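As stored in structure.cif (mmCIF, N, CA and C atoms):
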```
data_work
#
loop_
_atom_site.label_atom_id
_atom_site.label_comp_id
_atom_site.auth_asym_id
_atom_site.auth_seq_id
_atom_site.Cartn_x
_atom_site.Cartn_y
_atom_site.Cartn_z
N MET P 1 29.87 -63.58 -0.74
CA MET P 1 30.92 -62.72 -1.23
C MET P 1 31.96 -62.53 -0.14
N GLY P 2 33.23 -62.43 -0.52
CA GLY P 2 34.29 -62.24 0.46
C GLY P 2 34.17 -60.89 1.14
N LYS P 3 34.00 -60.92 2.44
CA LYS P 3 33.81 -59.67 3.19
C LYS P 3 34.99 -58.73 2.98
N ASN P 4 34.68 -57.50 2.68
CA ASN P 4 35.64 -56.41 2.53
C ASN P 4 36.60 -56.54 1.34
N LYS P 5 36.35 -57.44 0.39
CA LYS P 5 37.18 -57.49 -0.82
C LYS P 5 37.10 -56.17 -1.57
N ILE P 6 35.91 -55.65 -1.69
CA ILE P 6 35.74 -54.39 -2.41
C ILE P 6 36.43 -53.27 -1.64
N ALA P 7 36.29 -53.28 -0.33
CA ALA P 7 36.96 -52.26 0.49
C ALA P 7 38.48 -52.36 0.34
N GLN P 8 39.00 -53.58 0.37
CA GLN P 8 40.45 -53.78 0.20
C GLN P 8 40.91 -53.22 -1.14
N LEU P 9 40.20 -53.57 -2.18
CA LEU P 9 40.57 -53.12 -3.52
C LEU P 9 40.43 -51.60 -3.65
N ARG P 10 39.36 -51.06 -3.09
CA ARG P 10 39.14 -49.61 -3.14
C ARG P 10 40.26 -48.88 -2.42
N ASN P 11 40.61 -49.37 -1.23
CA ASN P 11 41.67 -48.74 -0.45
C ASN P 11 43.02 -48.85 -1.15
N ALA P 12 43.27 -49.99 -1.81
CA ALA P 12 44.52 -50.17 -2.53
C ALA P 12 44.66 -49.17 -3.68
N LYS P 13 43.53 -48.80 -4.28
CA LYS P 13 43.53 -47.81 -5.36
C LYS P 13 43.53 -46.38 -4.82
N GLY P 14 43.30 -46.23 -3.51
CA GLY P 14 43.27 -44.91 -2.90
C GLY P 14 41.97 -44.16 -3.11
N PHE P 15 40.90 -44.89 -3.39
CA PHE P 15 39.59 -44.26 -3.60
C PHE P 15 38.82 -44.19 -2.28
N SER P 16 38.06 -43.12 -2.12
CA SER P 16 37.08 -43.06 -1.04
C SER P 16 35.82 -43.78 -1.54
N GLN P 17 34.89 -44.07 -0.63
CA GLN P 17 33.63 -44.66 -1.07
C GLN P 17 32.91 -43.73 -2.04
N SER P 18 32.97 -42.43 -1.77
CA SER P 18 32.31 -41.46 -2.66
C SER P 18 32.94 -41.46 -4.05
N GLN P 19 34.27 -41.55 -4.12
CA GLN P 19 34.93 -41.57 -5.42
C GLN P 19 34.56 -42.84 -6.21
N LEU P 20 34.56 -43.98 -5.52
CA LEU P 20 34.18 -45.22 -6.20
C LEU P 20 32.72 -45.16 -6.64
N ALA P 21 31.87 -44.59 -5.80
CA ALA P 21 30.46 -44.45 -6.16
C ALA P 21 30.30 -43.61 -7.42
N ASP P 22 31.07 -42.54 -7.53
CA ASP P 22 31.02 -41.70 -8.73
C ASP P 22 31.47 -42.48 -9.97
N ILE P 23 32.55 -43.24 -9.82
CA ILE P 23 33.06 -44.03 -10.94
C ILE P 23 32.03 -45.07 -11.38
N MET P 24 31.41 -45.70 -10.39
CA MET P 24 30.45 -46.77 -10.66
C MET P 24 29.06 -46.24 -11.01
N GLU P 25 28.85 -44.95 -10.83
CA GLU P 25 27.56 -44.30 -11.08
C GLU P 25 26.46 -44.90 -10.21
N VAL P 26 26.81 -45.08 -8.92
CA VAL P 26 25.86 -45.54 -7.90
C VAL P 26 26.01 -44.63 -6.69
N GLY P 27 25.13 -44.80 -5.73
CA GLY P 27 25.22 -44.02 -4.51
C GLY P 27 26.31 -44.53 -3.57
N LYS P 28 26.79 -43.66 -2.71
CA LYS P 28 27.81 -44.03 -1.72
C LYS P 28 27.29 -45.15 -0.82
N GLN P 29 26.01 -45.13 -0.49
CA GLN P 29 25.42 -46.17 0.36
C GLN P 29 25.47 -47.54 -0.32
N THR P 30 25.36 -47.56 -1.64
CA THR P 30 25.47 -48.82 -2.37
C THR P 30 26.85 -49.42 -2.18
N ILE P 31 27.88 -48.59 -2.29
CA ILE P 31 29.26 -49.07 -2.07
C ILE P 31 29.40 -49.60 -0.65
N ALA P 32 28.88 -48.87 0.32
CA ALA P 32 28.95 -49.31 1.72
C ALA P 32 28.23 -50.64 1.90
N ASN P 33 27.08 -50.80 1.27
CA ASN P 33 26.34 -52.07 1.37
C ASN P 33 27.13 -53.22 0.76
N TRP P 34 27.77 -52.98 -0.38
CA TRP P 34 28.60 -54.03 -0.99
C TRP P 34 29.75 -54.41 -0.07
N GLU P 35 30.41 -53.41 0.46
CA GLU P 35 31.59 -53.67 1.29
C GLU P 35 31.25 -54.38 2.60
N ASN P 36 30.07 -54.17 3.10
CA ASN P 36 29.67 -54.78 4.38
C ASN P 36 28.78 -56.01 4.19
N ASP P 37 28.73 -56.52 2.97
CA ASP P 37 27.97 -57.73 2.64
C ASP P 37 26.47 -57.62 2.94
N ARG P 38 25.95 -56.41 2.89
CA ARG P 38 24.50 -56.24 3.05
C ARG P 38 23.79 -56.45 1.72
N ARG P 39 24.51 -56.20 0.64
CA ARG P 39 24.00 -56.42 -0.72
C ARG P 39 25.16 -56.87 -1.60
N GLU P 40 24.82 -57.57 -2.68
CA GLU P 40 25.83 -57.96 -3.65
C GLU P 40 25.65 -57.15 -4.93
N PRO P 41 26.76 -56.79 -5.55
CA PRO P 41 26.65 -56.09 -6.84
C PRO P 41 26.03 -57.00 -7.90
N ASP P 42 25.27 -56.42 -8.83
CA ASP P 42 24.74 -57.21 -9.94
C ASP P 42 25.88 -57.50 -10.91
N ILE P 43 25.63 -58.32 -11.92
CA ILE P 43 26.69 -58.77 -12.83
C ILE P 43 27.34 -57.60 -13.57
N GLU P 44 26.56 -56.62 -13.97
CA GLU P 44 27.13 -55.47 -14.67
C GLU P 44 28.07 -54.69 -13.75
N SER P 45 27.66 -54.54 -12.49
CA SER P 45 28.50 -53.84 -11.52
C SER P 45 29.77 -54.63 -11.22
N LEU P 46 29.64 -55.95 -11.12
CA LEU P 46 30.82 -56.78 -10.89
C LEU P 46 31.80 -56.65 -12.05
N TYR P 47 31.27 -56.65 -13.26
CA TYR P 47 32.13 -56.49 -14.43
C TYR P 47 32.84 -55.14 -14.37
N ARG P 48 32.10 -54.10 -14.07
CA ARG P 48 32.69 -52.75 -13.99
C ARG P 48 33.72 -52.68 -12.87
N LEU P 49 33.42 -53.27 -11.70
CA LEU P 49 34.40 -53.30 -10.60
C LEU P 49 35.67 -54.01 -11.03
N SER P 50 35.52 -55.10 -11.77
CA SER P 50 36.71 -55.83 -12.23
C SER P 50 37.55 -54.96 -13.16
N GLU P 51 36.90 -54.15 -13.96
CA GLU P 51 37.61 -53.22 -14.85
C GLU P 51 38.31 -52.12 -14.05
N VAL P 52 37.61 -51.54 -13.10
CA VAL P 52 38.16 -50.46 -12.29
C VAL P 52 39.36 -50.94 -11.48
N PHE P 53 39.25 -52.13 -10.90
CA PHE P 53 40.30 -52.64 -10.02
C PHE P 53 41.34 -53.48 -10.76
N GLY P 54 41.08 -53.81 -12.02
CA GLY P 54 42.04 -54.60 -12.78
C GLY P 54 42.19 -56.02 -12.25
N THR P 55 41.08 -56.60 -11.86
CA THR P 55 41.10 -57.95 -11.31
C THR P 55 39.92 -58.74 -11.84
N THR P 56 39.77 -59.95 -11.38
CA THR P 56 38.68 -60.79 -11.86
C THR P 56 37.46 -60.69 -10.95
N ILE P 57 36.32 -61.03 -11.50
CA ILE P 57 35.10 -61.09 -10.71
C ILE P 57 35.24 -62.14 -9.61
N ASP P 58 35.84 -63.28 -9.94
CA ASP P 58 36.05 -64.33 -8.94
C ASP P 58 36.86 -63.81 -7.75
N TYR P 59 37.86 -63.00 -8.02
CA TYR P 59 38.67 -62.44 -6.93
C TYR P 59 37.81 -61.50 -6.07
N ILE P 60 37.03 -60.65 -6.72
CA ILE P 60 36.17 -59.72 -5.99
C ILE P 60 35.20 -60.48 -5.10
N LEU P 61 34.66 -61.59 -5.61
CA LEU P 61 33.69 -62.40 -4.86
C LEU P 61 34.35 -63.29 -3.80
N GLY P 62 35.68 -63.34 -3.79
CA GLY P 62 36.37 -64.18 -2.82
C GLY P 62 36.42 -65.64 -3.22
N ASN P 63 36.18 -65.95 -4.50
CA ASN P 63 36.20 -67.33 -4.97
C ASN P 63 37.60 -67.82 -5.29
N THR P 64 38.56 -66.91 -5.37
CA THR P 64 39.95 -67.26 -5.64
C THR P 64 40.86 -66.27 -4.94
N SER P 65 42.06 -66.71 -4.66
CA SER P 65 43.04 -65.81 -4.05
C SER P 65 43.91 -65.15 -5.11
N LYS P 66 43.75 -65.58 -6.36
CA LYS P 66 44.53 -65.02 -7.46
C LYS P 66 43.79 -63.84 -8.04
N SER P 67 44.46 -62.70 -8.09
CA SER P 67 43.78 -61.50 -8.58
C SER P 67 43.98 -61.27 -10.07
N GLY P 68 44.80 -62.08 -10.72
CA GLY P 68 45.08 -61.89 -12.14
C GLY P 68 43.90 -62.25 -13.02
N ARG P 69 43.91 -61.75 -14.25
CA ARG P 69 42.82 -61.97 -15.18
C ARG P 69 43.08 -63.11 -16.15
N GLU P 70 44.27 -63.65 -16.17
CA GLU P 70 44.59 -64.63 -17.20
C GLU P 70 43.89 -65.96 -16.94
N TRP P 71 43.25 -66.47 -17.96
CA TRP P 71 42.59 -67.77 -17.88
C TRP P 71 43.53 -68.84 -18.42
N TYR P 72 43.43 -70.01 -17.86
CA TYR P 72 44.19 -71.15 -18.35
C TYR P 72 43.19 -72.17 -18.89
N VAL P 73 43.38 -72.56 -20.12
CA VAL P 73 42.46 -73.50 -20.75
C VAL P 73 42.80 -74.91 -20.29
N ASN P 74 41.79 -75.64 -19.85
CA ASN P 74 41.95 -77.04 -19.48
C ASN P 74 42.09 -77.83 -20.78
N MET P 75 43.31 -78.12 -21.14
CA MET P 75 43.56 -78.78 -22.42
C MET P 75 43.03 -80.21 -22.45
N ASP P 76 42.68 -80.77 -21.28
CA ASP P 76 42.09 -82.10 -21.26
C ASP P 76 40.75 -82.13 -21.99
N CYS P 77 40.06 -80.99 -22.02
CA CYS P 77 38.76 -80.96 -22.68
C CYS P 77 38.86 -80.50 -24.12
N VAL P 78 40.07 -80.21 -24.59
CA VAL P 78 40.29 -79.77 -25.97
C VAL P 78 41.06 -80.87 -26.67
N ASN P 79 40.37 -81.61 -27.53
CA ASN P 79 41.06 -82.71 -28.21
C ASN P 79 41.56 -82.26 -29.59
N ASP P 80 42.44 -83.07 -30.18
CA ASP P 80 43.04 -82.73 -31.47
C ASP P 80 42.00 -82.56 -32.56
N GLU P 81 40.94 -83.37 -32.50
CA GLU P 81 39.89 -83.29 -33.52
C GLU P 81 39.26 -81.89 -33.52
N CYS P 82 38.98 -81.38 -32.34
CA CYS P 82 38.39 -80.03 -32.25
C CYS P 82 39.36 -78.97 -32.76
N MET P 83 40.61 -79.12 -32.40
CA MET P 83 41.60 -78.11 -32.76
C MET P 83 41.93 -78.11 -34.25
N GLU P 84 41.85 -79.27 -34.90
CA GLU P 84 42.26 -79.36 -36.29
C GLU P 84 41.08 -79.39 -37.26
N GLY P 85 39.98 -80.03 -36.86
CA GLY P 85 38.89 -80.25 -37.78
C GLY P 85 37.91 -79.11 -37.90
N ASN P 86 37.72 -78.34 -36.85
CA ASN P 86 36.72 -77.29 -36.84
C ASN P 86 37.38 -75.98 -37.27
N TYR P 87 36.95 -75.45 -38.40
CA TYR P 87 37.55 -74.22 -38.93
C TYR P 87 37.50 -73.08 -37.92
N ILE P 88 36.37 -72.89 -37.27
CA ILE P 88 36.20 -71.78 -36.34
C ILE P 88 37.17 -71.90 -35.16
N CYS P 89 37.32 -73.12 -34.64
CA CYS P 89 38.10 -73.32 -33.43
C CYS P 89 39.56 -73.70 -33.70
N ARG P 90 39.91 -73.95 -34.94
CA ARG P 90 41.25 -74.46 -35.26
C ARG P 90 42.34 -73.56 -34.67
N GLY P 91 43.17 -74.15 -33.83
CA GLY P 91 44.30 -73.43 -33.26
C GLY P 91 43.94 -72.47 -32.13
N VAL P 92 42.68 -72.43 -31.74
CA VAL P 92 42.25 -71.51 -30.68
C VAL P 92 41.56 -72.32 -29.59
N PRO P 93 42.32 -72.80 -28.61
CA PRO P 93 41.70 -73.65 -27.58
C PRO P 93 40.60 -72.95 -26.80
N GLU P 94 40.69 -71.64 -26.64
CA GLU P 94 39.64 -70.90 -25.93
C GLU P 94 38.31 -71.00 -26.67
N ALA P 95 38.38 -71.00 -27.99
CA ALA P 95 37.15 -71.11 -28.78
C ALA P 95 36.49 -72.46 -28.58
N VAL P 96 37.29 -73.50 -28.44
CA VAL P 96 36.75 -74.83 -28.20
C VAL P 96 36.04 -74.86 -26.84
N VAL P 97 36.68 -74.28 -25.84
CA VAL P 97 36.10 -74.25 -24.50
C VAL P 97 34.78 -73.49 -24.51
N ILE P 98 34.77 -72.35 -25.19
CA ILE P 98 33.55 -71.54 -25.26
C ILE P 98 32.46 -72.30 -26.01
N ALA P 99 32.82 -72.95 -27.10
CA ALA P 99 31.83 -73.72 -27.87
C ALA P 99 31.24 -74.84 -27.02
N LYS P 100 32.08 -75.52 -26.27
CA LYS P 100 31.58 -76.61 -25.42
C LYS P 100 30.69 -76.06 -24.31
N ALA P 101 31.06 -74.92 -23.74
CA ALA P 101 30.23 -74.31 -22.69
C ALA P 101 28.88 -73.89 -23.27
N LEU P 102 28.89 -73.34 -24.49
CA LEU P 102 27.65 -72.93 -25.13
C LEU P 102 26.69 -74.10 -25.31
N LYS P 103 27.21 -75.26 -25.63
CA LYS P 103 26.36 -76.44 -25.80
C LYS P 103 25.66 -76.82 -24.49
N ARG P 104 26.26 -76.46 -23.37
CA ARG P 104 25.68 -76.78 -22.06
C ARG P 104 24.62 -75.77 -21.63
N MET P 105 24.57 -74.63 -22.28
CA MET P 105 23.68 -73.54 -21.86
C MET P 105 22.32 -73.65 -22.53
N ASN P 106 21.31 -73.13 -21.83
CA ASN P 106 20.00 -73.02 -22.45
C ASN P 106 19.94 -71.70 -23.24
N LEU P 107 18.87 -71.49 -23.96
CA LEU P 107 18.75 -70.31 -24.82
C LEU P 107 18.90 -69.01 -24.03
N GLU P 108 18.27 -68.94 -22.88
CA GLU P 108 18.36 -67.71 -22.07
C GLU P 108 19.80 -67.42 -21.66
N GLN P 109 20.53 -68.46 -21.26
CA GLN P 109 21.92 -68.28 -20.86
C GLN P 109 22.78 -67.86 -22.05
N ARG P 110 22.55 -68.45 -23.21
CA ARG P 110 23.31 -68.07 -24.40
C ARG P 110 23.04 -66.63 -24.79
N ASN P 111 21.78 -66.21 -24.71
CA ASN P 111 21.44 -64.82 -25.02
C ASN P 111 22.07 -63.86 -24.03
N ARG P 112 22.10 -64.24 -22.76
CA ARG P 112 22.73 -63.40 -21.73
C ARG P 112 24.23 -63.27 -22.00
N LEU P 113 24.86 -64.38 -22.38
CA LEU P 113 26.28 -64.34 -22.72
C LEU P 113 26.54 -63.43 -23.91
N LEU P 114 25.68 -63.51 -24.93
CA LEU P 114 25.83 -62.62 -26.09
C LEU P 114 25.66 -61.16 -25.69
N ASP P 115 24.72 -60.88 -24.78
CA ASP P 115 24.55 -59.51 -24.30
C ASP P 115 25.83 -59.00 -23.64
N ILE P 116 26.42 -59.85 -22.80
CA ILE P 116 27.64 -59.47 -22.10
C ILE P 116 28.79 -59.26 -23.09
N CYS P 117 28.94 -60.20 -24.02
CA CYS P 117 30.01 -60.09 -25.02
C CYS P 117 29.82 -58.86 -25.88
N HIS P 118 28.60 -58.61 -26.31
CA HIS P 118 28.33 -57.45 -27.16
C HIS P 118 28.62 -56.16 -26.41
N ALA P 119 28.26 -56.11 -25.13
CA ALA P 119 28.52 -54.91 -24.33
C ALA P 119 30.02 -54.72 -24.08
N ALA P 120 30.72 -55.82 -23.84
CA ALA P 120 32.15 -55.73 -23.53
C ALA P 120 33.01 -55.50 -24.76
N PHE P 121 32.58 -56.03 -25.89
CA PHE P 121 33.38 -55.96 -27.11
C PHE P 121 32.52 -55.53 -28.29
N PRO P 122 31.98 -54.33 -28.27
CA PRO P 122 31.04 -53.91 -29.32
C PRO P 122 31.64 -53.92 -30.72
N GLU P 123 32.91 -53.56 -30.85
CA GLU P 123 33.51 -53.52 -32.18
C GLU P 123 33.66 -54.91 -32.77
N GLU P 124 34.00 -55.88 -31.92
CA GLU P 124 34.19 -57.25 -32.40
C GLU P 124 32.86 -57.93 -32.72
N PHE P 125 31.77 -57.47 -32.11
CA PHE P 125 30.48 -58.13 -32.29
C PHE P 125 29.50 -57.33 -33.14
N TYR P 126 29.87 -56.12 -33.56
CA TYR P 126 28.88 -55.23 -34.18
C TYR P 126 28.18 -55.83 -35.39
N ASP P 127 28.87 -56.60 -36.20
CA ASP P 127 28.22 -57.16 -37.38
C ASP P 127 27.87 -58.64 -37.22
N LEU P 128 28.10 -59.20 -36.03
CA LEU P 128 27.86 -60.62 -35.81
C LEU P 128 26.53 -60.91 -35.14
N VAL P 129 26.09 -60.03 -34.27
CA VAL P 129 24.83 -60.25 -33.55
C VAL P 129 24.07 -58.94 -33.47
N HIS P 130 22.77 -59.06 -33.39
CA HIS P 130 21.91 -57.92 -33.12
C HIS P 130 20.66 -58.44 -32.43
N HIS P 131 19.95 -57.56 -31.79
CA HIS P 131 18.76 -57.96 -31.05
C HIS P 131 17.59 -58.19 -32.00
N LYS P 132 16.80 -59.20 -31.69
CA LYS P 132 15.60 -59.49 -32.46
C LYS P 132 14.70 -58.25 -32.47
N TRP P 133 14.72 -57.51 -31.36
CA TRP P 133 13.93 -56.29 -31.24
C TRP P 133 14.26 -55.33 -32.38
N ASP P 134 15.56 -55.26 -32.79
CA ASP P 134 15.96 -54.38 -33.88
C ASP P 134 15.26 -54.76 -35.18
N ASP P 135 15.18 -56.08 -35.44
CA ASP P 135 14.49 -56.54 -36.65
C ASP P 135 13.00 -56.18 -36.60
N GLU P 136 12.39 -56.36 -35.46
CA GLU P 136 10.97 -56.04 -35.32
C GLU P 136 10.73 -54.55 -35.53
N GLN P 137 11.67 -53.72 -35.07
CA GLN P 137 11.53 -52.28 -35.26
C GLN P 137 11.63 -51.92 -36.74
N LYS P 138 12.58 -52.57 -37.45
CA LYS P 138 12.74 -52.29 -38.88
C LYS P 138 11.50 -52.69 -39.67
N GLU P 139 10.91 -53.84 -39.30
CA GLU P 139 9.71 -54.31 -39.99
C GLU P 139 8.53 -53.38 -39.77
N GLY P 140 8.49 -52.72 -38.61
CA GLY P 140 7.40 -51.82 -38.28
C GLY P 140 7.47 -50.49 -38.98
N LEU P 141 8.63 -50.18 -39.57
CA LEU P 141 8.79 -48.88 -40.25
C LEU P 141 8.12 -48.83 -41.58
#
```
Kindly transcribe the structure held in the file into C-alpha coordinates.
Amino acid sequence: MGKNKIAQLRNAKGFSQSQLADIMEVGKQTIANWENDRREPDIESLYRLSEVFGTTIDYILGNTSKSGREWYVNMDCVNDECMEGNYICRGVPEAVVIAKALKRMNLEQRNRLLDICHAAFPEEFYDLVHHKWDDEQKEGL
(Lines of atoms letter the chains of each structure in order from A and count residues from 1; the text may use other names and numbers.)
(Lines give C-alpha, C1' and ligand atoms only; values in the text may rest on other atoms or scores of the structure.)
Protein backbone atom coordinates (compact mmCIF):
# COMPACT_ATOMS: atom_id res chain seq x y z
CA MET A 1 0.00 0.00 0.00
CA GLY A 2 1.23 3.53 -0.72
CA LYS A 3 2.69 4.88 2.49
CA ASN A 4 0.69 7.76 3.95
CA LYS A 5 -1.97 7.84 1.18
CA ILE A 6 -4.64 7.60 3.84
CA ALA A 7 -2.91 10.27 5.91
CA GLN A 8 -2.68 12.55 2.86
CA LEU A 9 -6.34 12.09 2.06
CA ARG A 10 -7.38 12.49 5.70
CA ASN A 11 -5.37 15.70 6.05
CA ALA A 12 -6.78 17.04 2.77
CA LYS A 13 -10.29 16.58 4.20
CA GLY A 14 -9.23 18.21 7.47
CA PHE A 15 -10.00 15.15 9.59
CA SER A 16 -8.07 14.10 12.67
CA GLN A 17 -7.33 10.39 13.10
CA SER A 18 -10.05 10.31 15.77
CA GLN A 19 -12.61 11.89 13.43
CA LEU A 20 -11.80 9.45 10.64
CA ALA A 21 -11.95 6.57 13.12
CA ASP A 22 -15.44 7.68 14.16
CA ILE A 23 -16.57 7.90 10.54
CA MET A 24 -15.10 4.49 9.75
CA GLU A 25 -16.40 2.99 13.02
CA VAL A 26 -12.94 1.70 13.96
CA GLY A 27 -10.45 2.61 16.64
CA LYS A 28 -7.99 5.48 16.29
CA GLN A 29 -5.14 2.95 16.48
CA THR A 30 -6.54 1.19 13.42
CA ILE A 31 -6.30 4.42 11.43
CA ALA A 32 -2.73 4.93 12.68
CA ASN A 33 -1.83 1.36 11.66
CA TRP A 34 -3.26 1.90 8.17
CA GLU A 35 -1.43 5.18 7.74
CA ASN A 36 1.91 3.74 8.86
CA ASP A 37 1.59 0.56 6.77
CA ARG A 38 1.48 -1.69 9.82
CA ARG A 39 -1.87 -3.08 8.65
CA GLU A 40 -3.98 -2.86 5.51
CA PRO A 41 -7.68 -2.05 5.51
CA ASP A 42 -9.98 -4.91 4.53
CA ILE A 43 -12.04 -4.59 1.33
CA GLU A 44 -15.09 -3.17 3.11
CA SER A 45 -12.93 -0.53 4.79
CA LEU A 46 -11.23 0.32 1.51
CA TYR A 47 -14.62 0.77 -0.11
CA ARG A 48 -15.77 3.00 2.74
CA LEU A 49 -12.51 5.02 2.60
CA SER A 50 -13.04 5.53 -1.13
CA GLU A 51 -16.53 6.86 -0.39
CA VAL A 52 -15.34 9.16 2.41
CA PHE A 53 -12.46 10.56 0.37
CA GLY A 54 -14.23 10.56 -3.00
CA THR A 55 -11.48 8.60 -4.70
CA THR A 56 -10.74 5.12 -5.94
CA ILE A 57 -9.44 2.15 -4.00
CA ASP A 58 -6.54 1.94 -6.46
CA TYR A 59 -5.57 5.51 -5.58
CA ILE A 60 -5.74 4.78 -1.84
CA LEU A 61 -3.53 1.71 -2.36
CA GLY A 62 -1.03 3.71 -4.42
CA ASN A 63 -1.70 1.66 -7.58
CA THR A 64 -2.47 4.78 -9.62
CA SER A 65 -1.72 8.47 -9.47
CA LYS A 66 -5.19 9.32 -10.74
CA SER A 67 -7.63 9.98 -7.95
CA GLY A 68 -10.77 10.11 -10.11
CA ARG A 69 -13.42 7.41 -10.07
CA GLU A 70 -14.23 7.30 -13.77
CA TRP A 71 -13.51 4.01 -15.50
CA TYR A 72 -12.61 3.79 -19.15
CA VAL A 73 -13.77 0.70 -20.98
CA ASN A 74 -11.15 -1.02 -23.11
CA MET A 75 -13.17 -1.08 -26.31
CA ASP A 76 -10.70 -3.56 -27.83
CA CYS A 77 -12.35 -6.27 -25.74
CA VAL A 78 -15.89 -5.17 -26.66
CA ASN A 79 -16.76 -6.33 -30.15
CA ASP A 80 -19.79 -5.37 -32.26
CA GLU A 81 -21.32 -8.82 -31.83
CA CYS A 82 -21.44 -8.38 -28.06
CA MET A 83 -22.80 -4.87 -28.30
CA GLU A 84 -25.54 -5.67 -30.82
CA GLY A 85 -26.42 -9.33 -30.36
CA ASN A 86 -26.70 -9.67 -26.60
CA TYR A 87 -29.89 -8.07 -25.27
CA ILE A 88 -28.48 -7.57 -21.78
CA CYS A 89 -25.26 -5.93 -22.96
CA ARG A 90 -26.57 -4.13 -26.06
CA GLY A 91 -25.27 -0.57 -26.08
CA VAL A 92 -23.64 -0.89 -22.66
CA PRO A 93 -19.92 -1.60 -23.04
CA GLU A 94 -19.46 -1.79 -19.26
CA ALA A 95 -21.90 -4.69 -19.15
CA VAL A 96 -19.82 -6.56 -21.72
CA VAL A 97 -16.67 -6.01 -19.67
CA ILE A 98 -18.39 -7.20 -16.50
CA ALA A 99 -19.81 -10.25 -18.26
CA LYS A 100 -16.39 -11.18 -19.61
CA ALA A 101 -14.80 -10.70 -16.18
CA LEU A 102 -17.50 -12.89 -14.62
CA LYS A 103 -16.63 -15.72 -17.00
CA ARG A 104 -13.06 -15.59 -15.67
CA MET A 105 -14.13 -15.84 -12.02
CA ASN A 106 -14.76 -18.93 -9.96
CA LEU A 107 -17.98 -19.36 -7.98
CA GLU A 108 -16.53 -17.91 -4.78
CA GLN A 109 -15.31 -14.80 -6.61
CA ARG A 110 -18.68 -14.32 -8.33
CA ASN A 111 -20.51 -14.64 -5.02
CA ARG A 112 -18.14 -12.14 -3.41
CA LEU A 113 -18.77 -9.70 -6.27
CA LEU A 114 -22.53 -10.11 -5.82
CA ASP A 115 -22.13 -9.42 -2.09
CA ILE A 116 -20.24 -6.22 -2.85
CA CYS A 117 -22.73 -5.13 -5.52
CA HIS A 118 -25.71 -5.90 -3.30
CA ALA A 119 -24.17 -3.95 -0.41
CA ALA A 120 -23.23 -0.99 -2.60
CA PHE A 121 -26.44 -0.85 -4.62
CA PRO A 122 -29.21 -2.48 -2.57
CA GLU A 123 -32.07 -0.83 -4.46
CA GLU A 124 -30.76 -1.95 -7.84
CA PHE A 125 -30.18 -5.53 -6.66
CA TYR A 126 -33.03 -6.06 -4.19
CA ASP A 127 -35.14 -8.23 -6.49
CA LEU A 128 -32.28 -9.71 -8.53
CA VAL A 129 -30.27 -11.65 -5.96
CA HIS A 130 -30.73 -13.04 -2.49
CA HIS A 131 -28.72 -15.31 -0.26
CA LYS A 132 -29.28 -19.05 -0.37
CA TRP A 133 -29.42 -18.79 3.42
CA ASP A 134 -32.67 -16.80 3.04
CA ASP A 135 -34.27 -19.68 1.11
CA GLU A 136 -33.14 -22.19 3.72
CA GLN A 137 -34.64 -20.02 6.46
CA LYS A 138 -37.98 -19.82 4.61
CA GLU A 139 -38.06 -23.59 4.14
CA GLY A 140 -37.44 -24.10 7.86
CA LEU A 141 -40.49 -22.04 8.84
CA of Asp37 (chain P) sits from CA of Lys5 (chain P) at a separation of 9.8 Å
Here atom C of Arg104 (chain P) and CA of Glu40 (chain P) stand apart by 25.3 Å
Counting only C-alpha atoms, which residues come within 12 Å of (36.1, -58.2, -10.8), with the point read in the file's coordinates, and could you list them as JSON, numbers by chain? {"P": [1, 5, 6, 9, 10, 41, 42, 43, 44, 45, 46, 47, 48, 49, 50, 51, 52, 53, 54, 55, 56, 57, 58, 59, 60, 61, 62, 63, 64, 66, 67, 68, 69]}
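The space separating CA of Val26 (chain P) from CA of Ala119 (chain P) comes to 19.1 Å.
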